[in-house]
Protein chains: 2
Amino acid sequence: MPKIVDHGARREELAAAVWRLASREGLDALTIRAVAAEAGWSTGALAHYFADKEELLLFAFETVADRVGRRIVRAAEHRRDPLDLLRTQLIEGLPIDAERRAEVRVWFAFLGLAETRPRLAKAGRDAYRQWRDRVAKTLSAAQRQGLVDDSLDAQSEGAALIALVDGLAIQATFDQRALGRERQVRLVDDRLARLAVASAS
Amino acid sequence: MPKIVDHGARREELAAAVWRLASREGLDALTIRAVAAEAGWSTGALAHYFADKEELLLFAFETVADRVGRRIVRAAEHRRDPLDLLRTQLIEGLPIDAERRAEVRVWFAFLGLAETRPRLAKAGRDAYRQWRDRVAKTLSAAQRQGLVDDSLDAQSEGAALIALVDGLAIQATFDQRALGRERQVRLVDDRLARLAVASAS
């Protein structure tokens with residue numbers, strides 16, 4: 001039964017409902033029924049968008065990736081200096097406020113579930129490849145401008161930089177007192193400063 | 001109804017069964033019924049050890065922490081050089097072989113579930129505090145021996161080092177090809193070399 005609806009707008013509406021539910025109650029709470037209630041839709045209407053729970057989880061994960069990605073793109077518009085852009089590409093992944101803490105919680109809950117589910121695992125792999133590639137590309141740009149040691153392998157350094165961010169995000173998620181906003185940011189800045197220092201040696 | 005049994009031996013037996021099941025099929029598969037079948041016990045006998053699913057998950061997480069902790073202690077017996085010990089305290093957390101890959105999978109699956117469950121979250125927080133403290137203690141010993149720059153804050157550096165290991169572990173879990181054994185170890189060694197280099201400057 002074809003319907004005349006604005007699918008783009010409806011997806012946005014759905015994404016907002018899924019995000020509210022997932023950030024408020026965690027991925028455990030993400031069921032077709034609960035999302036329908038949150039969005040004010042019928043479960044039948046939701047079935048046009050999600051065949052099963054895995055598709056719902058994927059959608060939640062992509063919503064988080066989109067949110068972070070959009071902030072980075074927006075920030076990049078004002079940043080010409082590659083080291084400045086690099087910093088944004090890293091800091092935006094840290095749980096330094098309530099909104100980002102919710103994103104990080106959904107992110108890691110998804111990854112925990114994804115390990116044993118091939119379709120979700122692929123989404124995780126793709127997300128990390130994209131993040132690593134973006135960071136590596138910015139690092140290469142910084143190398144071309146002589147801001148970072150030319151001999152460093154951008155892909156490996158990219159992996160290490162996002163690893164630092166991810167690992168800090170996990171520790172901060174479980175121990176906000178030990179890894180507050182300031183300490184998280186300082187540890188990433190220290191790391192970036194040493195990259196720049198290495199270029200001067 | 002009191003029983004005359006060797007509780008230590010029975011716990012070891014249980015830990016082995018829980019570990020086999022969790023590493024083979026993931027935390028989703030961890031139910032009282034499945035663990036009983038794996039151990040060859042009745043579900044009633046298992047009820048003496050686990051009141052609910054959360055206790056089972058906690059036990060699986062502690063089993064992983066124990067496995068890693070024991071390897072580090074064993075390795076430490078042969079290592080007098082603090083930088084060498086530090087390297088072991090980090091490398092042992094990387095998914096560099098099948099056994100360690102299974103440990104890392106159970107670890108992150110647990111953390112994903114723990115975010116919304118206070119009792120499990122506390123276990124996650126405690127595990128990271130312990131790891132961070134051990135690494136910081138070894139770093140301090142290296143500083144006292146003049147091997148690492150005295151001005152570095154051992155707690156912060158410890159947080160950054162285990163963050164790197166954790167983040168590499170996540171990327172490697174989803175993308176073994178991009179983050180193979182050799183690359184993981186090299187990235188940690190690079191980081192340790194720079195710590196030592198910093199002390200020479």
# chains A, B, ... in the order shown; residues from 1 in each chain; ligands from 1
call {"tool": "closest_atom_pairs", "arguments": {"of": "chain B", "to": "chain A", "cutoff": "9 Å", "atoms": "only C-alpha atoms", "output": "JSON lines"}}
result
{"residue": "B:Glu25", "atom": "CA", "partner": "A:Thr116", "partner_atom": "CA", "distance": 7.7}
{"residue": "B:Gly26", "atom": "CA", "partner": "A:Thr116", "partner_atom": "CA", "distance": 6.6}
{"residue": "B:Asp28", "atom": "CA", "partner": "A:Leu113", "partner_atom": "CA", "distance": 8.5}
{"residue": "B:Arg105", "atom": "CA", "partner": "A:Glu115", "partner_atom": "CA", "distance": 6.8}
{"residue": "B:Val106", "atom": "CA", "partner": "A:Gly112", "partner_atom": "CA", "distance": 8.5}
{"residue": "B:Trp107", "atom": "CA", "partner": "A:Gly112", "partner_atom": "CA", "distance": 8.7}
{"residue": "B:Phe108", "atom": "CA", "partner": "A:Gly112", "partner_atom": "CA", "distance": 5.5}
{"residue": "B:Ala109", "atom": "CA", "partner": "A:Gly112", "partner_atom": "CA", "distance": 3.9}
{"residue": "B:Phe110", "atom": "CA", "partner": "A:Gly112", "partner_atom": "CA", "distance": 7.1}
{"residue": "B:Leu111", "atom": "CA", "partner": "A:Gly112", "partner_atom": "CA", "distance": 7.2}
{"residue": "B:Gly112", "atom": "CA", "partner": "A:Ala109", "partner_atom": "CA", "distance": 3.9}
{"residue": "B:Leu113", "atom": "CA", "partner": "A:Ala109", "partner_atom": "CA", "distance": 6.3}
{"residue": "B:Ala114", "atom": "CA", "partner": "A:Ala109", "partner_atom": "CA", "distance": 8.5}
{"residue": "B:Glu115", "atom": "CA", "partner": "A:Arg105", "partner_atom": "CA", "distance": 6.8}
{"residue": "B:Thr116", "atom": "CA", "partner": "A:Gly26", "partner_atom": "CA", "distance": 6.6}
{"residue": "B:Ala121", "atom": "CA", "partner": "A:Phe174", "partner_atom": "CA", "distance": 6.4}
{"residue": "B:Lys122", "atom": "CA", "partner": "A:Phe174", "partner_atom": "CA", "distance": 7.6}
{"residue": "B:Gly124", "atom": "CA", "partner": "A:Phe174", "partner_atom": "CA", "distance": 6.5}
{"residue": "B:Arg125", "atom": "CA", "partner": "A:Phe174", "partner_atom": "CA", "distance": 5.0}
{"residue": "B:Asp126", "atom": "CA", "partner": "A:Phe174", "partner_atom": "CA", "distance": 8.8}
{"residue": "B:Tyr128", "atom": "CA", "partner": "A:Gln171", "partner_atom": "CA", "distance": 6.8}
{"residue": "B:Arg129", "atom": "CA", "partner": "A:Asp175", "partner_atom": "CA", "distance": 8.4}
{"residue": "B:Ser156", "atom": "CA", "partner": "A:Leu187", "partner_atom": "CA", "distance": 7.4}
{"residue": "B:Glu157", "atom": "CA", "partner": "A:Leu187", "partner_atom": "CA", "distance": 8.1}
{"residue": "B:Ala159", "atom": "CA", "partner": "A:Leu168", "partner_atom": "CA", "distance": 7.3}
{"residue": "B:Ala160", "atom": "CA", "partner": "A:Leu164", "partner_atom": "CA", "distance": 6.5}
{"residue": "B:Leu161", "atom": "CA", "partner": "A:Leu164", "partner_atom": "CA", "distance": 7.9}
{"residue": "B:Ile162", "atom": "CA", "partner": "A:Gly167", "partner_atom": "CA", "distance": 7.1}
{"residue": "B:Ala163", "atom": "CA", "partner": "A:Gly167", "partner_atom": "CA", "distance": 3.6}
{"residue": "B:Leu164", "atom": "CA", "partner": "A:Leu164", "partner_atom": "CA", "distance": 4.4}
{"residue": "B:Val165", "atom": "CA", "partner": "A:Ala163", "partner_atom": "CA", "distance": 7.3}
{"residue": "B:Asp166", "atom": "CA", "partner": "A:Gly167", "partner_atom": "CA", "distance": 5.1}
{"residue": "B:Gly167", "atom": "CA", "partner": "A:Ala163", "partner_atom": "CA", "distance": 3.6}
{"residue": "B:Leu168", "atom": "CA", "partner": "A:Ala163", "partner_atom": "CA", "distance": 5.2}
{"residue": "B:Ala169", "atom": "CA", "partner": "A:Ala163", "partner_atom": "CA", "distance": 8.2}
{"residue": "B:Ile170", "atom": "CA", "partner": "A:Ala163", "partner_atom": "CA", "distance": 7.9}
{"residue": "B:Gln171", "atom": "CA", "partner": "A:Tyr128", "partner_atom": "CA", "distance": 6.8}
{"residue": "B:Thr173", "atom": "CA", "partner": "A:Glu115", "partner_atom": "CA", "distance": 7.8}
{"residue": "B:Phe174", "atom": "CA", "partner": "A:Arg125", "partner_atom": "CA", "distance": 5.0}
{"residue": "B:Asp175", "atom": "CA", "partner": "A:Arg125", "partner_atom": "CA", "distance": 5.8}
{"residue": "B:Ala178", "atom": "CA", "partner": "A:Arg129", "partner_atom": "CA", "distance": 8.6}
{"residue": "B:Leu179", "atom": "CA", "partner": "A:Ala159", "partner_atom": "CA", "distance": 8.4}
{"residue": "B:Arg183", "atom": "CA", "partner": "A:Ser156", "partner_atom": "CA", "distance": 7.8}
{"residue": "B:Gln184", "atom": "CA", "partner": "A:Ala160", "partner_atom": "CA", "distance": 9.0}
{"residue": "B:Leu187", "atom": "CA", "partner": "A:Ala160", "partner_atom": "CA", "distance": 6.7}
{"residue": "B:Val188", "atom": "CA", "partner": "A:Ala160", "partner_atom": "CA", "distance": 8.6}
{"residue": "B:Arg194", "atom": "CA", "partner": "A:Arg194", "partner_atom": "CA", "distance": 8.9}
call {"tool": "residues_around", "arguments": {"residues": "region 40-56 of chain A", "least_positions_apart": "6", "cutoff": "8 Å", "atoms": "only C-alpha atoms", "output": "ChimeraX atom specification"}}
result
/A:30-33,120
call {"tool": "write_last_selection", "arguments": {"atoms": "N, CA and C atoms", "output": "mmCIF file, in the first residue's frame"}}
result
data_model
loop_
_atom_site.group_PDB
_atom_site.id
_atom_site.type_symbol
_atom_site.label_atom_id
_atom_site.label_comp_id
_atom_site.auth_asym_id
_atom_site.auth_seq_id
_atom_site.Cartn_x
_atom_site.Cartn_y
_atom_site.Cartn_z
ATOM 1 N N LEU A 30 15.372 0.108 23.541
ATOM 2 C CA LEU A 30 15.039 0.388 22.144
ATOM 3 C C LEU A 30 14.285 -0.789 21.510
ATOM 4 N N THR A 31 12.962 -0.724 21.585
ATOM 5 C CA THR A 31 12.131 -1.731 20.921
ATOM 6 C C THR A 31 11.201 -1.005 19.949
ATOM 7 N N ILE A 32 10.690 -1.742 18.973
ATOM 8 C CA ILE A 32 9.761 -1.159 18.005
ATOM 9 C C ILE A 32 8.601 -0.484 18.746
ATOM 10 N N ARG A 33 8.091 -1.191 19.746
ATOM 11 C CA ARG A 33 6.959 -0.670 20.509
ATOM 12 C C ARG A 33 7.295 0.646 21.231
ATOM 13 N N LEU A 120 25.912 -5.604 12.469
ATOM 14 C CA LEU A 120 26.249 -4.471 13.332
ATOM 15 C C LEU A 120 27.774 -4.289 13.389
#
call {"tool": "atom_distance", "arguments": {"atom1": "CA of Leu192 (chain A)", "atom2": "CA of Ala193 (chain B)"}}
result
16.3 Å
call {"tool": "select_by_dssp", "arguments": {"residues": "region 137-181 of chain B", "states": "helix (DSSP H, G or I)", "output": "compact mmCIF listing (two decimals) with N, CA, C and O atoms, in the first residue's frame"}}
result
# COMPACT_ATOMS: atom_id res chain seq x y z
N LYS B 137 51.73 3.50 39.12
CA LYS B 137 52.74 3.10 40.11
C LYS B 137 54.04 2.69 39.41
O LYS B 137 55.14 3.04 39.85
N THR B 138 53.89 1.95 38.31
CA THR B 138 55.08 1.53 37.56
C THR B 138 55.75 2.75 36.92
O THR B 138 56.99 2.84 36.90
N LEU B 139 54.95 3.67 36.42
CA LEU B 139 55.50 4.90 35.85
C LEU B 139 56.28 5.68 36.91
O LEU B 139 57.38 6.20 36.63
N SER B 140 55.73 5.78 38.11
CA SER B 140 56.42 6.47 39.20
C SER B 140 57.76 5.81 39.50
O SER B 140 58.77 6.49 39.73
N ALA B 141 57.76 4.47 39.50
CA ALA B 141 59.02 3.75 39.74
C ALA B 141 60.02 4.08 38.64
O ALA B 141 61.21 4.29 38.92
N ALA B 142 59.55 4.16 37.39
CA ALA B 142 60.44 4.51 36.27
C ALA B 142 60.96 5.94 36.43
O ALA B 142 62.13 6.22 36.12
N GLN B 143 60.12 6.82 36.96
CA GLN B 143 60.56 8.20 37.20
C GLN B 143 61.63 8.25 38.28
O GLN B 143 62.62 8.95 38.14
N ARG B 144 61.42 7.47 39.35
CA ARG B 144 62.41 7.47 40.44
C ARG B 144 63.77 6.96 39.95
O ARG B 144 64.82 7.38 40.44
N ALA B 154 52.04 11.01 36.79
CA ALA B 154 51.93 9.56 36.55
C ALA B 154 50.47 9.12 36.38
O ALA B 154 50.18 8.25 35.55
N GLN B 155 49.56 9.70 37.15
CA GLN B 155 48.14 9.31 37.02
C GLN B 155 47.58 9.68 35.65
O GLN B 155 46.90 8.88 35.02
N SER B 156 47.89 10.88 35.18
CA SER B 156 47.40 11.31 33.87
C SER B 156 48.01 10.49 32.75
O SER B 156 47.32 10.06 31.83
N GLU B 157 49.33 10.28 32.84
CA GLU B 157 50.01 9.47 31.82
C GLU B 157 49.47 8.05 31.82
O GLU B 157 49.31 7.43 30.77
N GLY B 158 49.20 7.53 33.03
CA GLY B 158 48.64 6.19 33.15
C GLY B 158 47.30 6.11 32.44
O GLY B 158 47.02 5.16 31.70
N ALA B 159 46.46 7.12 32.66
CA ALA B 159 45.14 7.15 32.01
C ALA B 159 45.31 7.17 30.49
O ALA B 159 44.59 6.47 29.77
N ALA B 160 46.25 7.97 30.00
CA ALA B 160 46.46 8.09 28.55
C ALA B 160 47.00 6.78 27.96
O ALA B 160 46.60 6.37 26.86
N LEU B 161 47.88 6.11 28.70
CA LEU B 161 48.46 4.86 28.18
C LEU B 161 47.41 3.75 28.10
O LEU B 161 47.32 3.05 27.08
N ILE B 162 46.60 3.59 29.15
CA ILE B 162 45.61 2.52 29.07
C ILE B 162 44.50 2.91 28.10
O ILE B 162 43.87 2.05 27.50
N ALA B 163 44.28 4.21 27.92
CA ALA B 163 43.31 4.65 26.92
C ALA B 163 43.77 4.23 25.53
O ALA B 163 42.98 3.73 24.72
N LEU B 164 45.05 4.40 25.25
CA LEU B 164 45.58 3.98 23.95
C LEU B 164 45.36 2.48 23.74
O LEU B 164 44.87 2.05 22.68
N VAL B 165 45.67 1.69 24.75
CA VAL B 165 45.51 0.23 24.64
C VAL B 165 44.04 -0.14 24.41
O VAL B 165 43.71 -0.91 23.51
N ASP B 166 43.16 0.46 25.20
CA ASP B 166 41.73 0.18 25.07
C ASP B 166 41.19 0.57 23.70
O ASP B 166 40.43 -0.18 23.09
N GLY B 167 41.59 1.74 23.24
CA GLY B 167 41.11 2.21 21.94
C GLY B 167 41.64 1.35 20.80
O GLY B 167 40.91 1.05 19.85
N LEU B 168 42.89 0.93 20.88
CA LEU B 168 43.42 0.02 19.87
C LEU B 168 42.68 -1.31 19.92
O LEU B 168 42.38 -1.92 18.88
N ALA B 169 42.35 -1.75 21.13
CA ALA B 169 41.63 -3.02 21.29
C ALA B 169 40.27 -2.96 20.59
O ALA B 169 39.85 -3.91 19.94
N ILE B 170 39.60 -1.84 20.73
CA ILE B 170 38.28 -1.70 20.08
C ILE B 170 38.43 -1.73 18.56
O ILE B 170 37.75 -2.47 17.86
N GLN B 171 39.35 -0.93 18.04
CA GLN B 171 39.53 -0.90 16.59
C GLN B 171 39.93 -2.27 16.06
O GLN B 171 39.45 -2.71 15.01
N ALA B 172 40.81 -2.96 16.79
CA ALA B 172 41.27 -4.28 16.35
C ALA B 172 40.14 -5.30 16.40
O ALA B 172 40.05 -6.20 15.56
N THR B 173 39.25 -5.15 17.38
CA THR B 173 38.12 -6.07 17.50
C THR B 173 37.23 -6.01 16.25
O THR B 173 36.74 -7.03 15.78
N PHE B 174 37.07 -4.80 15.72
CA PHE B 174 36.19 -4.66 14.56
C PHE B 174 36.93 -4.69 13.24
O PHE B 174 36.31 -4.74 12.18
N ARG B 181 48.18 -7.74 14.96
CA ARG B 181 49.01 -7.88 16.16
C ARG B 181 50.23 -6.95 16.13
O ARG B 181 50.52 -6.21 17.07
call {"tool": "atom_distance", "arguments": {"atom1": "CA of Ser23 (chain B)", "atom2": "CA of Arg134 (chain B)"}}
result
26.0 Å
call {"tool": "atom_distance", "arguments": {"atom1": "CA of Asp149 (chain B)", "atom2": "CA of Leu83 (chain B)"}}
result
12.5 Å
